Structure formats: C-alpha cells, structure tokens
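Report on the following structure.
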Amino acid sequence: MTKQFKALYKTVVILLAAAAAMLLGALILWTIGADVTKTYSVIILEPLKNKIQIGEVLIRAIPLTIIALGISVAYRSGIINIGAEGQMAMGILAATAVALALPGLPKYALLPLAMIAGTLGGAAWGFIPGILKAKLHVSELLSTVMLNYIAAQFYTFCLRGPMLDPAEITMGSGTPQSMRLTKAIWLDRLVPGTRIHTGVYIALAMAFIIWLLLWRTSWGYKMRAAGASERAARYGGIGVAGYLVVAMMISGAFAGLAGAVEIAGVHRRAIEGITGGYGFSGIVVALFGGLHPAGIIPASFFFGLLIVGADMTQRMVGVPANMVLVLQGIIILVIVATRMVLANPYLMERVWRRYQKLTRRDKEA
Amino acid sequence: MEPNARKITSLRVEHITKRFPGVLACNDISLSVAEGEVLALVGENGAGKTTLMNILMGLYRPDEGRILINGEEVVFRSPNDAFAAGLGMVHQQYMLVANMTVLENIALGFTQAWSPLKLNLDMVRARIDEVAAKYGLAVDPDAFVWQLSVGEQQRVELVKTLCLGARFLILDEPTSALTPQETDELILLLKRMTSKLSIVFISHKLHEVKNLSDKVTILRHGSVVFEGSTADHSSGDIAALMTGREIHLPRNEAPTCEGNPALEIRGLKVRSDRGFLAVDGLDLSVCAGEIVGLAGVSGNGQRELAEAINGLRKVEGGEILLFGQELANRSPRAVIDAGMGYIPEERNTEGIVPSFSMKENFILKDADEAQFSARSFLRLKEIDRNAEALRTEFDIRSPDTKVAAGSLSGGNIQKVILAREISRKPRFLIAVYPTRGLDMGAAEFIHKRLLEKRLEGIGILLISEELEEILDLSDRVAVIFKGRIIDTLDRRSADSRKIGILMAGVHNDEAV
C-alpha cells in the first residue's frame, strides 16, 4: 500500500462520514418538514455573522473547554466521569456562597477566592465517586449519575432556601435565584458589545496546565499509565487506586471551576439551569477532541456553535432547538463509526485490492 | 464431525507473495502438504511464517500466488471461508473471551448448537467430551478462562478448533506454553491425529520439529531457504539454516556459588483467583549470584508465587525475606524499592503498557526517579537518551523509540522489559517464562544477559516450563508441585528425566 493511497483513503472516509452525517440530519429535518438547506446554513453560518453571535459561541465554548479538560484527565486515567453536571452545580454553589458571605472583599481577593471555592466544591463532589471506586470498587458510572441527582436537588434547595435573593421574598415573585453578586466577583468583559469575558484566558490557561500535567510531569505519566493499562501500572509500582481518586478530583475540580467561571462571567448570580447539559456535552467534547487539549479547544468551539445555532434555528426557521441535539447525536455516532472504519486494516486492505484492480484495468484500457 | 466434512488430501500453496509497506513479508513461497503429513514451518521471528499462515486462514489475501485444496484453487475472502474449507488454526495468542467459561467460549463458534432463541449448551458439552475423549485432551468445561493458566488456555484453543470441525490443523507455536510432559503428550497426540488430518506447525523448538514433522520448510526474510525431509537433517543443520549462522545457547558453567541467601521464602501461602491455596506452605531460598530454576507444570502455583513476591497478590501466611527485609504483603512499589526486578509472565499486558511508546515504557517503574524527573517535571531529553542507549545496547529492532511498545514483536517486547529491569540495577531478579515463544536468536541473547547478571552477584529465580532452559541456566533446580517445592536438585545431579518425574508429583523415593 502506498502512502498516497493511505492518505487518500482516510480523506475519502472522513468526507464520506461528513456527507453521511449531513444526509442523515437532512433526512430527519425533511421528515419534520423543515427547510433543510436553510436550517444547515443557519446553524453553521448565522452564529458567525457578527461579533455578538461569535461572542455567544465563545462564552459557551469556555465552560465546555474547562469541563472537557477535566473529563479527559479522568478518561485518560481509566475512570469515566459522567458527573460533571453535578460537580459544576456544586462549584457554582461554593463560589456563590463565598461571594455572598464576603461581599466586602476587594476584587483581587474575592475573585480568586471564589474561583478556588468553586474548584474545591467540584473536587469534593468528584472525590466521592473516586474514593468509592478505589476502596469499594463501586462503578463510577453509577455513583456519578446518582451524585448528579443529589447535586441537582441540593442546588435547587439552596436557591429556594438559604441563598434565595431577599428581594424575591419582598417582591413575592419567588424566582429561585441568588441575589446579584457583588461586582468584585465579576469577570471583566473583553469586547464591548459582546458578552465575551476573561474566562477565555482561564480556559486557555487550563488547557495549557492540563497538557503540562498529562504529558510533561511524572504525575501525568503515572495517571496515563494507570488508565492505559491498569495491570502494567500496578506491576510498575504505580498506586493505581490513589491516582483514580486524584484524577476524579481533578475532573470534578475543573467542572466546579467551569461553574464558578460561568456565574462570574455570564450570569453574575446563581440561577436555575446554568449547568444546562454542559456536563454531558463536555464528555462529547472531550472525546471529539481526542482527549487532548489541542483538540478540545476547537471541539468546544464547534459545540458552542451548535448550541447557538440551535437557538437561532428555532427563531429563524422554526426548527425546534431540540432537533439540534438530535443532529449532535448523529454527529457523535458518525464520529465513532468513522474511527472504527479507520482503525480496521482489513477493510483498508480490501479497498486497496479493489483500487489496484481498477487502476490496472485503466492502464490496460 | 460435520456431515459435509470432506477429507483434505492435499494442500498446496504456490508462489505466494505478500508485501506490506516497506516489507516483503512473503517472497514467492511454495509448499505442499499431503494427506497425513506434518510440515514444520521454521524460521526466526519476522521471517514471514505468521503472515503466510494468516494468508492461509483468509486474514490477508496474497498479492500474488494461489492456494489449492485437493487440487482445486480456493480463494479465501475471510477467515470464515478458510474455516468452511476445513482449515483450523490455533494462534499463538489465544482468541478466548476471558470472562466466559470454556464451554461458552467453544459455543461461540459452534453454530450447530445455535438456534434463534436457545443455545444448546448440552450439545456443545457433548462435543467437548467427545473430542476430549478422542484425543485425550482434558479440559474443565465450566472453568472460566481467566482462571486458567496459559498452558490450559492453549489446550482450550486446541479443543475449540477440533470441536468446530477442523480437518486440517495449523498450529502457531503450539508448545510454546506447554510443559515438557505436556509437549511430549501433545506431540504423541498430534502424531496419532495424523491418521485423520494433516498438520502445518510453526515452531522454534528444533527437537519438536525433529520429533513430529515429516517435512521441514525453513523461511528466512520471507523466502524459502530450505525444504526437505526432516529425517535427513540434524537439528544443528536446521538451526544454522534458520538463522544463517551457528547458534550456541549459552550454559551456566560457572562454579556453584556460595553466596549469602538473597531471597528466602518460608511457609508461604497464597490463594489463586479461584480461592484455593495455590501456594501452600512453600519454602525456597536463592543465594546472591545464584540462579535457581523453578520447574513445574504451569498452574501449580508459579504465577501466584511470582505475584505474591512482587506485592501483586495477597499473602495468606508465611514470610518472604529479601536480604532479611520482609516483603510479604508490601505494596508493589515497596518491593521494587527493595531492589526486586521482575520479568512477568504476561509480557504484552503486564510487562509493558502496550499503547505507550517504547521510551515511555522504559521509565514505567522510575518516573519519579531524579534521573527522569525534576520536581515532578519529566526530563524528556534524559528519557530520550536513556531509551536510545537501551535500544542500542539490547539490540531492540524498531525504527525509533517512539513506536508503541505493543506494536513490537514478542522478542523485542521481551527485550524492552529485560532492558528496563536490568538497567534498573536490581539486587534480585525474578524471570517468569523469559523466552516463551521467542526464536533462538532472542533466547540466546536473553540467556546470556541473565548469566551475566548472575556473575555480577545477582540472585535470579527463573520460573520456566522449558527444561532445557532450566538445565542450561540453573545452579539448582527446584520443582514445584501443587504449591510446594517437592524437591530441589543440584545442577550436576539434575536431568530432564528426574525433573520430569518430579513435575508429575512423584517424589524420587516413591518412584523407586
């Protein structure tokens, strides 16, 4: 097999996959009676038309990036974190609590403190499934999902109870949300007229830190070894159980930080529905980005685009935003299938034989 | 047997050529096997044997050449086609599902027992009993595969292939995991089976080739360099043709050492995965500068012993002392730090992280050592330098040190492990089946290195099923049976017959 053929084969497979995803999506859009070409152009082009929309894409890419980075650490260490949703909620609560409790602090003290609180809140929520897995072999799939439920209820309880905005009580409207947080916790807006905030820098810095951790430190090396082959890692004297706990805590910490950044940068108060599926999309972003920071950043941007695009299709072409979730699902399935096709040498071998036959016939003709 | 089973009276392979990127794996290879014949296919690792067999099994298709069965050309598009034609292969690496029972594993391919709603396990069981009785291959159908030793798993593979109705057997190093007794039995069994079918078998072990085969074909660098009748050529001739040079497996000729005890094990008790005491009151001592060979049929507690010493398995009782330091129930890290080197049985999954690069695997035990990291940051240049040095020193054949360790050949993987373990300067070394499945060149290399370490004063516990290896290298031979040392022999008084009897659990005194 020649190198050119291999490259050609891969390009063709990827192009076919993209076409298949578009077609499947088109089929579904067509069934619900939507205008297919218009829907696609709205999803992909509209969010990039002006800086406000680009800003909206970016502010969704920020939490996605941070969460996906944490998830990739867990994944690479051999433990799957589907509890980012709950960890993010706990991070929001912790950061909000700090901001509410210490409103008098200056910005240079309160902002870092709130970020650290959010990080610790998420880490604590990640510690539970980690230690359960390490000590009692409890499946992390089970424990993280259950902890998501607990976190969601606890979150609602706090917003309706201890953290409820006093103004809501006097006004009597009773919207479950905290009071507007002090300006000292706000992340600055970067571009006038948009909501882009300095969380972009935090996300980029975190991506660099994760890259350093995983590929440049002995900790990261051991975590990756534990994830790649638990047996070999144990043989090599690596305390696999301990690294599972650490990895889960890092993963939770990042989800918690994403929550803190989200309230400090976008909402500036804790309201219901902030997590809004970021914890789950984060898993997809992490895998889509190849569990590597350099892939996660563009992947987050792409998924941010889809989220904003979904809003716009609803407004502009009347396609429900949930349909974009369906498209998202299709994209994921196609990616998984494509990876399997690309990893199958026998298939490539067979295509190569066909290709050779064809070219030979061409030459004869 | 299946009703449509037609006997395969001849199999011919004509002018097979197969190219991989940059490699000519098979170059115009022809061979033929007649009814009831045994053809031995011999060659070093990488000579093209496995590629050729994969072509026969429909896993690859040849670029040129054809295959004929009973004089008719056949084209295998997939392994199913080869299988339908009656070819059955037992691979070197077992194709078994570890968390299923033997019965379930065999049922996986036993299509006659399938119906849309029900799997007729009784039928499979009956078939296993039939095959087991016919060929004298005892397997426990209800054991889980993960509980079985490598040797037992190989037997299951053989039974599986026969159960599924193979009428022509291809065996890829069938004896690499078997004990001498099992090997002899297998050879007898295979000889008996030639009345019903023909066999192609791949082997590195020349005495087996001599014993079993009628014809021998030697491959080197993808080409046939020799073919002829086995009876007419000595093992030495075949070995020389195989490697292109004379091979001398080194022997331990140094005088017996009188060093201090390095490793002492007293009354050790360890449970197996199945919960019984696999090591049951074992006593053993190894001096510094001594090689003690631990001979035994696999599944008699060797794996559990090695894992217990290395902190990978719980010790139920007894003590393990390394230079007086208690190691029982310490963590693997503590054992490593005490100076223990360990070449594990499962080189592909335990000895290396397969998806990691070769250079990353070299620091598996030492990521925190000052040599490779400073304040937790990896010293990449030093890691590269170290990897390059080890690759050269241990003659590991790969384009560079960045290749995934799992993609290397068995011999090279073993060299990676050996390089790491030896370069760590251990005070003691445990080597489990260090040359299993390796060609003679690689085995020679590894034996030489082990003997060098012995001369440097390092105690070595060599766990092996190959008596020749044990007799070549050991100062003393301890024989393990049902978790105990049944007897320890001095090298001078040990021979394969004596050890073989002991391995079967018969003590000398009783034998007389």
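Residues in the structure tokens are named by chain (A, B, ... in the order shown) and by number from 1 within that chain; ligands are numbered from 1 in the order shown.
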
Q | Nearby residues (only C-alpha atoms) at most 7 Å from segment 292-302 of chain A, same-chain spacing under 3 positions excluded, as a VMD selection string | A | chain A and resid 57 to 58 61 64 to 65 68 to 69 207 211 285 to 286 288 to 289 305 to 306

Q. Could you write out as JSON, numbers by chain the residues of chain B within 8 Å of chain A, counting only C-alpha atoms?
A. {"B": [20, 21, 59, 60, 312, 331, 332, 333, 334, 336, 349, 350, 351, 352, 353, 354, 355, 356, 364, 365, 367, 368, 373, 376, 377, 378]}

Q: Just list the residues in segment 240-354 of chain A DSSP gives alpha helix (DSSP H) on the backbone, as a PyMOL selection string.
A: chain A and resi 240-262+278-288+293-316+321-342+345-354

Sorted by chain and rising residue number, which residues of segment 246-309 of chain A lie within 10 Å of segment 319-332 of chain A, and what are their closest atom pairs and distances in Å to one decimal, counting only C-alpha atoms, as CSV?
```
residue,atom,partner,partner_atom,distance
A:Ser281,CA,A:Gln328,CA,9.5
A:Val284,CA,A:Ile332,CA,7.5
A:Val285,CA,A:Ile332,CA,9.7
A:Leu287,CA,A:Ile332,CA,9.3
A:Phe288,CA,A:Ile332,CA,7.8
A:Phe303,CA,A:Gln328,CA,8.4
A:Leu306,CA,A:Val324,CA,7.0
A:Ile307,CA,A:Val324,CA,7.6
A:Val308,CA,A:Ala321,CA,9.3
A:Gly309,CA,A:Val324,CA,8.0
```

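With atom CA of Arg268 of chain A on one side and atom CA of Gly70 of chain A on the other, the separation reads 23.3 Å.
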
Q | segment 75-87 of chain B surroundings by only C-alpha atoms, 10 Å radius, close-in-sequence under 4 positions cut, as a count of residues only | A | 31

Considering only C-alpha atoms, tabulate each residue of segment 286-344 of chain B that lies at most 8 Å from segment 473-482 of chain B along with its nearest interatomic pair and the corresponding distance in Å to one decimal; arrange the rows by chain and ascending residue number and present them as a tab-separated table.
```
residue	atom	partner	partner_atom	distance
B:Glu290	CA	B:Asp475	CA	6.2
B:Ile291	CA	B:Ser474	CA	4.9
B:Val292	CA	B:Arg476	CA	5.0
B:Gly293	CA	B:Val477	CA	4.7
B:Leu294	CA	B:Ala478	CA	4.9
B:Ala295	CA	B:Val479	CA	4.8
B:Gly296	CA	B:Ile480	CA	5.1
B:Val297	CA	B:Phe481	CA	7.5
B:Asn300	CA	B:Lys482	CA	4.7
B:Gly301	CA	B:Lys482	CA	6.5
B:Gln302	CA	B:Ile480	CA	7.7
```

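Between atom CA of Ala405 of chain B and atom CA of Glu44 of chain B the separation is 19.9 Å.
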
Q. Using only C-alpha atoms, which of B:Glu393, B:Glu444, B:Asp366, B:Asp273 sits nearest Arg313 of chain B?
A. B:Asp273

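Between atom CA of Val131 of chain B and atom CA of Leu212 of chain B the separation is 21.1 Å.
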